[in-house]
Amino acid sequence: MSELDPADRLAAVYREILARAPEHDLVPSLDRIRAVMDLLGEPQRSLRAVHLTGTNGKTSTTRIVERLLREHGLRTGRFVSPHLSDVRERIALDGEPLSPGRFVEVYDEVTPYLDLVDGRSEERAEPRLTFFEVLVAMAYAAFADAPAEVAVVEVGMGGSWDATNVIDAEVAVITPIALDHQHFLGADLASIATEKAGIVKPGAIVVLAQQESIEAAEIILRRAAEVGATVVREGLEFGVVAREVAVGGQLLTLQGLGGIYENVFLPLHGIHQAHNAACALVAVEAFLGAGPQTGRLEPDVVHAAFAGVDSPGRLEIVRRSPTILVDAAHNPAGAQALADSLEEAFTFPRLVGVVGVMADKDVVGILDALQPVLDEVVVTRSSSPRAMAVEDLAEIAREIFGEDRVHVADRLDDALDLAVTRAEVDLEPGAGVLVTGSIPLAGEVRTLLRVEDDRR
C-alpha cells in the first residue's frame with residue numbers, strides 16, 4: 001500500500017477490516033483478542049483505565065470522562081463505538097482521532113499478529129477475528145505506544161464477552177440499562193445487566209447510574225461484592241442537585257464524591273446528559289482520588305473541561321435555516337430521552353422527522369416515543385444492510401402517526417429535501433427537521449451536510 005496517498009491507504013485498510021465479521025455479529029469469547037494481546041506483549045496491561053458500559057449514554061459519558069481527564073493534564077486514549085462517519089473516530093489520543101497515516105501504521109503493526117491468530121483459528125475451524133476485535137487490538141496498541149496515561153474505553157456491546165474487556169480498569173462506569181441487542185445479550189434486563197456487570201474487576205470503583213430496574217442494580221451490586229469492588233450510586237453518593245436550561249446547553253449543580261460543584265455549564269441538551277455528566281465527574285474523581293477525605297477536584301478545571309465537551313450526533317445542530325438536528329437514538333429509551341430533551345430545550349412551531357431504523361430494533365417503541373414531538377415524518381433508510389426496508393417502516397409509521405403525517409423517500413438526500421419542504425410548508429419561521437433512528441443514519445447525514453468536527 002506504500003504507493004497510495006494516506007486517504008487511499010486508509011480506505012484500503014478499512015475495506016480489509018470490513019471484510020471480517022461485523023461488530024454486531026458478537027462471538028461470545030475473549031480467546032482471540034487475548035491471543036492477539038499476548039502476542040503484542042499485553043499492551044492493555046500498561047494502561048490505567050476507565051471502562052464504560054450501559055445501554056444509553058455510553059458514548060457521551062466516555063467523551064466527558066476523557067475531556068475531564070485531559071483538562072487535568074493527563075495524556076488520554078479514547079475508544080468509542082460505533083463511529084458516525086469515519087472509522088478513525090473510534091481511536092483518539094488526547095482527544096484527536098488517529099491521523100490517516102497513523103491509523104494505517106498501527107494496522108500494519110498489528111497485522112502479523114492478527115494473521116497468526118487467524119491461522120490458528122482456521123486450523124480449528126473457528127472464526128477469524130472480527131471487525132471489532134481488530135479495532136480493539138489497534139486501540140490498545142496505539143494507546144500503549146503513545147503512551148497514554150489513561151485509556152477511556154467504551155464497550156461495543158454488553159461487557160463480559162466484549163473484546164474491550166481484556167483490560168482491567170480501576171474505574172467502571174455503568175450507565176442506565178434498558179432493552180437492546182436482546183438477541184445477543186438476553187431477553188430481559190436481568191440478563192443484560194449480568195452481561196454488563198462483567199466489566200467490574202476486583203478492587204475497582206464502580207460508578208452506577210440510576211437504574212429503572214431494581215433487579216438490574218442488584219445484579220451489579222452483587223457482582224461488585226463478589227469481586228471486592230466498591231460501588232458509588234447515583235442518587236445516594238452523588239447526583240444532579242439542580243439544573244436549568246441555558247442557551248446552548250444547561251447549567252448544573254453536581255454532587256460529587258468530594259463535594260458540590262456549582263455553575264457547571266454543559267453544552268449538551270437533556271436531563272439524560274446531566275446524569276451522564278454526574279457519572280463522568282464521579283468517575284474522574286474516583287480515578288484521581290478525590291473524595292470525602294481528600295476533597296473535590298479543582299472547580300476551575302472542572303468548569304473548563306465541561307465547557308469544552310461535545311458529543312457529535314447527540315441532539316446536534318448540523319444546519320440552520322431551517323434548523324436540522326441529528327440524534328443517534330436507536331432504541332425506545334433513547335428515543336424517549338430525545339423526545340423529552342426536544343420539548344425542554346427547543347420551541348419549534350413545526351418539527352418534521354427523518355427516520356430510518358435498523359430492522360432488528362424495536363421500531364414500534366422508537367416511533368411511539370417520537371410521535372408526540374413530530375408533526376410529520378419522512379421515513380427513509382441508511383446504507384446499512386441491516387436497515388429496515390422503507391416500505392416496511394412506512395407501514396408501521398402509518399399505524400402510529402396516521403396516513404396524512406407519513407411520507408416516504410428511498411434516498412436520504414431526497415428525504416432531507418422533502419422534510420425541509422414539509423417543515424416550511426406554512427412559512428412559519430423557526431421550523432425544524434430532526435434526523436434520527438439509527439447511528440449509521442446520523443453519520444450519513446453529517447457526511448451529506450459536510451459537518452466538521454474533531455476528525456483530522
# chains A, B, ... in the order shown; residues from 1 in each chain; ligands from 1

$ residues_around --residues "segment 44-56 of chain A" --least-positions-apart "3" --cutoff "8 Å" --atoms "only C-alpha atoms" --output "PyMOL selection string"
chain A and resi 37+62+140-141+143-144+148-155+157-159+166-180+196+199+283+287+333-334

$ write_last_selection --atoms "N, CA, C and O atoms" --output "compact mmCIF listing (two decimals), in the first residue's frame"
# COMPACT_ATOMS: atom_id res chain seq x y z
N MET A 37 -3.49 -9.97 22.11
CA MET A 37 -2.87 -9.16 23.15
C MET A 37 -1.60 -9.82 23.66
O MET A 37 -0.57 -9.16 23.89
N THR A 62 -18.38 8.69 27.98
CA THR A 62 -16.98 8.43 27.66
C THR A 62 -16.28 9.70 27.24
O THR A 62 -15.15 10.00 27.68
N TYR A 140 -5.63 -0.55 21.76
CA TYR A 140 -4.75 -0.80 22.89
C TYR A 140 -3.28 -0.69 22.48
O TYR A 140 -2.44 -0.18 23.25
N ALA A 141 -2.95 -1.12 21.28
CA ALA A 141 -1.58 -0.99 20.80
C ALA A 141 -1.20 0.48 20.64
O ALA A 141 -0.10 0.90 21.03
N PHE A 143 -2.57 3.12 22.13
CA PHE A 143 -2.54 3.79 23.43
C PHE A 143 -1.24 3.48 24.17
O PHE A 143 -0.62 4.36 24.76
N ALA A 144 -0.83 2.21 24.16
CA ALA A 144 0.39 1.84 24.86
C ALA A 144 1.61 2.44 24.20
O ALA A 144 2.58 2.82 24.87
N ALA A 148 -0.30 6.53 26.36
CA ALA A 148 -1.36 7.21 27.09
C ALA A 148 -1.21 6.93 28.58
O ALA A 148 -0.81 5.84 28.98
N GLU A 149 -1.55 7.93 29.39
CA GLU A 149 -1.53 7.75 30.84
C GLU A 149 -2.82 7.10 31.34
O GLU A 149 -2.83 6.50 32.41
N VAL A 150 -3.89 7.24 30.56
CA VAL A 150 -5.16 6.63 30.93
C VAL A 150 -5.95 6.34 29.66
O VAL A 150 -5.99 7.17 28.74
N ALA A 151 -6.54 5.16 29.60
CA ALA A 151 -7.43 4.80 28.49
C ALA A 151 -8.88 4.91 28.98
O ALA A 151 -9.21 4.40 30.04
N VAL A 152 -9.69 5.59 28.20
CA VAL A 152 -11.12 5.72 28.50
C VAL A 152 -11.83 4.91 27.42
O VAL A 152 -11.83 5.28 26.25
N VAL A 153 -12.44 3.80 27.83
CA VAL A 153 -12.84 2.76 26.88
C VAL A 153 -14.33 2.47 27.00
O VAL A 153 -14.82 2.07 28.07
N GLU A 154 -15.03 2.65 25.91
CA GLU A 154 -16.45 2.30 25.83
C GLU A 154 -16.59 0.89 25.26
O GLU A 154 -15.97 0.57 24.24
N VAL A 155 -17.40 0.05 25.90
CA VAL A 155 -17.65 -1.28 25.35
C VAL A 155 -18.40 -1.17 24.03
O VAL A 155 -19.08 -0.18 23.76
N MET A 157 -20.55 -3.89 22.94
CA MET A 157 -21.85 -4.48 23.26
C MET A 157 -21.71 -5.34 24.51
O MET A 157 -20.80 -6.17 24.60
N GLY A 158 -22.59 -5.13 25.47
CA GLY A 158 -22.58 -5.96 26.67
C GLY A 158 -21.44 -5.60 27.60
O GLY A 158 -21.33 -4.48 28.07
N GLY A 159 -20.57 -6.57 27.87
CA GLY A 159 -19.47 -6.34 28.79
C GLY A 159 -18.61 -7.57 28.95
O GLY A 159 -17.44 -7.58 28.58
N VAL A 166 -10.66 -7.22 27.92
CA VAL A 166 -9.36 -7.76 28.29
C VAL A 166 -8.58 -6.77 29.15
O VAL A 166 -7.51 -7.10 29.67
N ILE A 167 -9.10 -5.58 29.31
CA ILE A 167 -8.45 -4.58 30.16
C ILE A 167 -9.02 -4.67 31.57
O ILE A 167 -10.20 -5.01 31.75
N ASP A 168 -8.18 -4.41 32.56
CA ASP A 168 -8.63 -4.39 33.96
C ASP A 168 -8.66 -2.94 34.42
O ASP A 168 -7.64 -2.37 34.81
N ALA A 169 -9.83 -2.35 34.35
CA ALA A 169 -9.97 -0.93 34.68
C ALA A 169 -10.17 -0.73 36.17
O ALA A 169 -10.90 -1.48 36.81
N GLU A 170 -9.56 0.31 36.70
CA GLU A 170 -9.73 0.61 38.12
C GLU A 170 -11.02 1.36 38.40
O GLU A 170 -11.47 1.42 39.55
N VAL A 171 -11.64 1.93 37.37
CA VAL A 171 -12.95 2.56 37.50
C VAL A 171 -13.85 2.01 36.41
O VAL A 171 -13.48 2.00 35.22
N ALA A 172 -15.01 1.50 36.78
CA ALA A 172 -16.02 1.02 35.84
C ALA A 172 -17.26 1.89 35.97
O ALA A 172 -17.71 2.17 37.09
N VAL A 173 -17.79 2.33 34.85
CA VAL A 173 -19.00 3.16 34.83
C VAL A 173 -20.10 2.37 34.15
O VAL A 173 -19.91 1.85 33.04
N ILE A 174 -21.26 2.30 34.80
CA ILE A 174 -22.41 1.60 34.21
C ILE A 174 -23.55 2.59 34.10
O ILE A 174 -24.15 3.01 35.10
N THR A 175 -23.85 3.01 32.88
CA THR A 175 -24.93 3.95 32.62
C THR A 175 -26.26 3.18 32.63
O THR A 175 -26.27 1.95 32.78
N PRO A 176 -27.40 3.87 32.47
CA PRO A 176 -28.69 3.17 32.57
C PRO A 176 -28.81 1.98 31.62
O PRO A 176 -28.39 2.04 30.46
N ILE A 177 -29.39 0.92 32.13
CA ILE A 177 -29.56 -0.32 31.38
C ILE A 177 -31.01 -0.43 30.92
O ILE A 177 -31.95 -0.25 31.71
N ALA A 178 -31.19 -0.70 29.63
CA ALA A 178 -32.52 -0.88 29.06
C ALA A 178 -32.46 -2.02 28.06
O ALA A 178 -31.40 -2.64 27.85
N LEU A 179 -33.59 -2.35 27.46
CA LEU A 179 -33.63 -3.44 26.48
C LEU A 179 -33.01 -2.99 25.16
O LEU A 179 -33.41 -1.99 24.58
N ASP A 180 -32.04 -3.74 24.70
CA ASP A 180 -31.41 -3.52 23.40
C ASP A 180 -30.49 -4.70 23.13
O ASP A 180 -29.98 -5.31 24.07
N LYS A 196 -23.41 -6.86 31.37
CA LYS A 196 -22.73 -5.58 31.52
C LYS A 196 -21.91 -5.53 32.81
O LYS A 196 -20.85 -4.87 32.86
N ILE A 199 -17.76 -6.13 33.32
CA ILE A 199 -16.59 -5.25 33.25
C ILE A 199 -16.06 -4.90 34.64
O ILE A 199 -14.99 -4.30 34.76
N ALA A 283 -16.59 9.50 38.06
CA ALA A 283 -15.59 8.55 37.56
C ALA A 283 -14.20 9.17 37.61
O ALA A 283 -13.22 8.52 38.00
N PHE A 287 -10.99 8.16 39.89
CA PHE A 287 -9.71 7.87 39.25
C PHE A 287 -8.59 8.71 39.84
O PHE A 287 -7.46 8.22 40.03
N ALA A 333 -35.73 3.68 24.75
CA ALA A 333 -35.27 4.53 25.85
C ALA A 333 -34.53 5.75 25.32
O ALA A 333 -34.73 6.88 25.81
N GLY A 334 -33.70 5.56 24.31
CA GLY A 334 -33.01 6.69 23.70
C GLY A 334 -33.96 7.64 23.00
O GLY A 334 -33.80 8.87 23.07

$ select_by_dssp --residues "segment 18-259 of chain A" --states "alpha helix (DSSP H)" --output "ChimeraX atom specification"
/A:18,31-39,58-71,100-123,131-145,182-185,189-196,214-227

$ write_last_selection --atoms "C-alpha atoms" --output "mmCIF file, in the first residue's frame"
data_model
loop_
_atom_site.group_PDB
_atom_site.id
_atom_site.type_symbol
_atom_site.label_atom_id
_atom_site.label_comp_id
_atom_site.auth_asym_id
_atom_site.auth_seq_id
_atom_site.Cartn_x
_atom_site.Cartn_y
_atom_site.Cartn_z
ATOM 1 C CA LEU A 18 -14.743 -4.524 6.949
ATOM 2 C CA ASP A 31 -9.908 -16.146 23.370
ATOM 3 C CA ARG A 32 -8.997 -14.496 20.052
ATOM 4 C CA ILE A 33 -8.479 -10.976 21.392
ATOM 5 C CA ARG A 34 -6.499 -12.349 24.345
ATOM 6 C CA ALA A 35 -4.282 -14.278 21.955
ATOM 7 C CA VAL A 36 -3.554 -11.113 19.973
ATOM 8 C CA MET A 37 -2.868 -9.157 23.146
ATOM 9 C CA ASP A 38 -0.439 -11.858 24.300
ATOM 10 C CA LEU A 39 1.449 -11.712 21.008
ATOM 11 C CA LYS A 58 -22.087 5.409 26.968
ATOM 12 C CA THR A 59 -20.503 7.464 24.222
ATOM 13 C CA SER A 60 -21.396 10.862 25.677
ATOM 14 C CA THR A 61 -20.204 9.806 29.129
ATOM 15 C CA THR A 62 -16.979 8.427 27.660
ATOM 16 C CA ARG A 63 -16.306 11.713 25.896
ATOM 17 C CA ILE A 64 -16.971 13.721 29.072
ATOM 18 C CA VAL A 65 -14.696 11.485 31.163
ATOM 19 C CA GLU A 66 -11.909 11.819 28.615
ATOM 20 C CA ARG A 67 -12.318 15.618 28.435
ATOM 21 C CA LEU A 68 -12.140 15.936 32.225
ATOM 22 C CA LEU A 69 -9.022 13.782 32.457
ATOM 23 C CA ARG A 70 -7.350 15.692 29.640
ATOM 24 C CA GLU A 71 -8.132 19.006 31.319
ATOM 25 C CA PRO A 100 -4.934 8.575 8.441
ATOM 26 C CA GLY A 101 -1.236 7.781 8.293
ATOM 27 C CA ARG A 102 -1.008 6.706 11.930
ATOM 28 C CA PHE A 103 -4.175 4.590 11.657
ATOM 29 C CA VAL A 104 -2.604 2.692 8.757
ATOM 30 C CA GLU A 105 0.709 2.356 10.630
ATOM 31 C CA VAL A 106 -0.998 0.819 13.657
ATOM 32 C CA TYR A 107 -2.904 -1.588 11.431
ATOM 33 C CA ASP A 108 0.307 -2.619 9.685
ATOM 34 C CA GLU A 109 1.990 -3.136 13.064
ATOM 35 C CA VAL A 110 -0.700 -5.469 14.403
ATOM 36 C CA THR A 111 -1.487 -7.318 11.147
ATOM 37 C CA PRO A 112 1.210 -10.039 11.519
ATOM 38 C CA TYR A 113 -0.239 -10.932 14.922
ATOM 39 C CA LEU A 114 -3.791 -10.892 13.588
ATOM 40 C CA ASP A 115 -2.683 -13.277 10.849
ATOM 41 C CA LEU A 116 -1.147 -15.650 13.389
ATOM 42 C CA VAL A 117 -4.318 -15.799 15.482
ATOM 43 C CA ASP A 118 -6.498 -16.123 12.378
ATOM 44 C CA GLY A 119 -4.341 -19.018 11.185
ATOM 45 C CA ARG A 120 -4.713 -20.862 14.469
ATOM 46 C CA SER A 121 -8.473 -20.291 14.405
ATOM 47 C CA GLU A 122 -8.750 -21.617 10.860
ATOM 48 C CA GLU A 123 -6.848 -24.750 11.854
ATOM 49 C CA PHE A 131 -14.062 -6.254 12.705
ATOM 50 C CA PHE A 132 -14.500 -5.031 16.279
ATOM 51 C CA GLU A 133 -11.746 -7.196 17.734
ATOM 52 C CA VAL A 134 -9.263 -5.822 15.226
ATOM 53 C CA LEU A 135 -10.123 -2.245 16.187
ATOM 54 C CA VAL A 136 -9.797 -3.039 19.892
ATOM 55 C CA ALA A 137 -6.354 -4.545 19.289
ATOM 56 C CA MET A 138 -5.345 -1.461 17.327
ATOM 57 C CA ALA A 139 -6.632 0.871 20.053
ATOM 58 C CA TYR A 140 -4.747 -0.800 22.888
ATOM 59 C CA ALA A 141 -1.583 -0.985 20.801
ATOM 60 C CA ALA A 142 -1.823 2.699 19.858
ATOM 61 C CA PHE A 143 -2.540 3.791 23.427
ATOM 62 C CA ALA A 144 0.389 1.835 24.862
ATOM 63 C CA ASP A 145 2.731 3.077 22.142
ATOM 64 C CA GLN A 182 -31.642 -8.819 23.142
ATOM 65 C CA HIS A 183 -30.696 -11.439 20.554
ATOM 66 C CA PHE A 184 -27.111 -11.250 21.856
ATOM 67 C CA LEU A 185 -27.385 -10.091 25.476
ATOM 68 C CA LEU A 189 -32.995 -6.648 31.920
ATOM 69 C CA ALA A 190 -31.552 -9.180 34.372
ATOM 70 C CA SER A 191 -29.709 -10.997 31.597
ATOM 71 C CA ILE A 192 -28.468 -7.752 30.072
ATOM 72 C CA ALA A 193 -27.326 -6.419 33.466
ATOM 73 C CA THR A 194 -25.431 -9.662 34.107
ATOM 74 C CA GLU A 195 -23.519 -9.233 30.849
ATOM 75 C CA LYS A 196 -22.727 -5.579 31.523
ATOM 76 C CA ILE A 214 -34.060 -2.573 40.807
ATOM 77 C CA GLU A 215 -33.159 -6.086 39.715
ATOM 78 C CA ALA A 216 -30.508 -4.770 37.315
ATOM 79 C CA ALA A 217 -28.979 -2.627 40.067
ATOM 80 C CA GLU A 218 -28.956 -5.573 42.472
ATOM 81 C CA ILE A 219 -27.127 -7.739 39.926
ATOM 82 C CA ILE A 220 -24.396 -5.125 39.587
ATOM 83 C CA LEU A 221 -24.121 -4.715 43.360
ATOM 84 C CA ARG A 222 -23.852 -8.489 43.715
ATOM 85 C CA ARG A 223 -21.075 -8.668 41.121
ATOM 86 C CA ALA A 224 -19.198 -5.879 42.925
ATOM 87 C CA ALA A 225 -19.470 -7.722 46.236
ATOM 88 C CA GLU A 226 -18.221 -10.943 44.654
ATOM 89 C CA VAL A 227 -15.021 -9.343 43.341
#

$ residues_around --residues "Val378 of chain A" --least-positions-apart "5" --cutoff "7 Å" --atoms "only C-alpha atoms" --output "list in words"
Gly353, Val354, Val355, Val406, His407, Val408, Ala409, Ala415 and Ala419 of chain A

$ closest_residue --among "A:Glu403, A:Arg128, A:Ser341, A:Phe79" --to "Ala329 of chain A" --atoms "only C-alpha atoms"
A:Ser341

$ residues_around --residues "segment 248-263 of chain A" --least-positions-apart "4" --cutoff "10 Å" --atoms "only C-alpha atoms" --output "number ranges by chain"
A: 232, 234-244, 267-271, 273-275, 277-286, 289-300, 302-303, 307, 345

$ closest_atom_pairs --of "segment 330-382 of chain A" --to "segment 440-450 of chain A" --cutoff "9 Å" --atoms "only C-alpha atoms" --output "CSV"
residue,atom,partner,partner_atom,distance
A:Val355,CA,A:Leu441,CA,8.3
A:Gly356,CA,A:Leu441,CA,6.6
A:Val357,CA,A:Leu441,CA,8.1
A:Arg381,CA,A:Leu441,CA,7.1
A:Ser382,CA,A:Leu441,CA,4.9

$ atom_distance --atom1 "atom CA of Val13 of chain A" --atom2 "atom CA of Glu42 of chain A"
23.3 Å

$ residues_around --residues "Ala328 of chain A" --least-positions-apart "2" --cutoff "8 Å" --atoms "only C-alpha atoms" --output "list of chain:residue names"
A:Gly313, A:Arg314, A:Leu315, A:Val326, A:His330, A:Thr436, A:Gly437, A:Ser438, A:Ile439, A:Leu441, A:Ala442

$ write_last_selection --atoms "C-alpha atoms" --output "CSV table (one decimal), in the first residue's frame"
chain,number,residue,atom,x,y,z
A,313,GLY,CA,-24.7,13.1,16.7
A,314,ARG,CA,-26.4,13.6,20.1
A,315,LEU,CA,-29.1,16.3,19.6
A,326,VAL,CA,-29.2,14.9,14.3
A,330,HIS,CA,-31.8,3.9,18.2
A,436,THR,CA,-32.9,10.1,14.0
A,437,GLY,CA,-33.5,6.3,14.4
A,438,SER,CA,-30.0,4.8,13.9
A,439,ILE,CA,-26.3,5.6,14.3
A,441,LEU,CA,-28.3,7.3,9.5
A,442,ALA,CA,-26.9,10.1,11.8

$ atom_distance --atom1 "atom CA of Ile205 of chain A" --atom2 "atom CA of Ala229 of chain A"
5.8 Å

$ select_by_dssp --residues "segment 128-171 of chain A" --states "strand (DSSP E)" --output "tab-separated table (two decimals) with all heavy atoms, in the first residue's frame"
chain	number	residue	atom	x	y	z
A	150	VAL	N	-3.89	7.24	30.56
A	150	VAL	CA	-5.16	6.63	30.93
A	150	VAL	C	-5.95	6.34	29.66
A	150	VAL	O	-5.99	7.17	28.74
A	150	VAL	CB	-5.97	7.53	31.90
A	150	VAL	CG1	-6.13	8.94	31.34
A	150	VAL	CG2	-7.34	6.94	32.19
A	151	ALA	N	-6.54	5.16	29.60
A	151	ALA	CA	-7.43	4.80	28.49
A	151	ALA	C	-8.88	4.91	28.98
A	151	ALA	O	-9.21	4.40	30.04
A	151	ALA	CB	-7.14	3.37	28.03
A	152	VAL	N	-9.69	5.59	28.20
A	152	VAL	CA	-11.12	5.72	28.50
A	152	VAL	C	-11.83	4.91	27.42
A	152	VAL	O	-11.83	5.28	26.25
A	152	VAL	CB	-11.58	7.19	28.48
A	152	VAL	CG1	-13.03	7.29	28.95
A	152	VAL	CG2	-10.67	8.04	29.37
A	153	VAL	N	-12.44	3.80	27.83
A	153	VAL	CA	-12.84	2.76	26.88
A	153	VAL	C	-14.33	2.47	27.00
A	153	VAL	O	-14.82	2.07	28.07
A	153	VAL	CB	-12.04	1.47	27.14
A	153	VAL	CG1	-12.47	0.37	26.18
A	153	VAL	CG2	-10.54	1.73	27.04
A	154	GLU	N	-15.03	2.65	25.91
A	154	GLU	CA	-16.45	2.30	25.83
A	154	GLU	C	-16.59	0.89	25.26
A	154	GLU	O	-15.97	0.57	24.24
A	154	GLU	CB	-17.20	3.28	24.93
A	154	GLU	CG	-18.66	2.93	24.69
A	154	GLU	CD	-19.31	3.76	23.61
A	154	GLU	OE1	-18.64	4.64	23.02
A	154	GLU	OE2	-20.50	3.52	23.32
A	171	VAL	N	-11.64	1.93	37.37
A	171	VAL	CA	-12.95	2.56	37.50
A	171	VAL	C	-13.85	2.01	36.41
A	171	VAL	O	-13.48	2.00	35.22
A	171	VAL	CB	-12.87	4.10	37.38
A	171	VAL	CG1	-14.28	4.72	37.49
A	171	VAL	CG2	-11.96	4.69	38.47

$ closest_residue --among "A:Val264, A:Met358, A:Leu342, A:Val87" --to "Val309 of chain A" --atoms "only C-alpha atoms"
A:Val264

$ closest_residue --among "A:Val425, A:Leu30, A:Ala204, A:Val379" --to "Leu412 of chain A" --atoms "only C-alpha atoms"
A:Val379

$ atom_distance --atom1 "atom CA of Phe265 of chain A" --atom2 "atom CA of Val247 of chain A"
9.9 Å

$ decode --residues "segment 388-405 of chain A" --atoms "C-alpha atoms" --output "PDB file, in the first residue's frame"
ATOM      1  CA  MET A 388     -35.325  -1.745   7.629  1.00  0.00           C
ATOM      2  CA  ALA A 389     -36.881  -1.532   4.163  1.00  0.00           C
ATOM      3  CA  VAL A 390     -38.517   1.837   3.628  1.00  0.00           C
ATOM      4  CA  GLU A 391     -41.972   0.482   2.807  1.00  0.00           C
ATOM      5  CA  ASP A 392     -41.949  -1.799   5.839  1.00  0.00           C
ATOM      6  CA  LEU A 393     -41.034   1.145   8.068  1.00  0.00           C
ATOM      7  CA  ALA A 394     -43.659   3.317   6.389  1.00  0.00           C
ATOM      8  CA  GLU A 395     -46.355   0.739   7.085  1.00  0.00           C
ATOM      9  CA  ILE A 396     -45.536   0.754  10.806  1.00  0.00           C
ATOM     10  CA  ALA A 397     -45.258   4.557  10.860  1.00  0.00           C
ATOM     11  CA  ARG A 398     -48.717   4.962   9.312  1.00  0.00           C
ATOM     12  CA  GLU A 399     -50.206   2.870  12.110  1.00  0.00           C
ATOM     13  CA  ILE A 400     -48.657   5.193  14.699  1.00  0.00           C
ATOM     14  CA  PHE A 401     -48.697   8.628  13.013  1.00  0.00           C
ATOM     15  CA  GLY A 402     -51.670   8.239  10.682  1.00  0.00           C
ATOM     16  CA  GLU A 403     -51.616   8.209   6.892  1.00  0.00           C
ATOM     17  CA  ASP A 404     -51.504  12.001   6.411  1.00  0.00           C
ATOM     18  CA  ARG A 405     -48.417  12.520   8.582  1.00  0.00           C
TER      19      ARG A 405
END
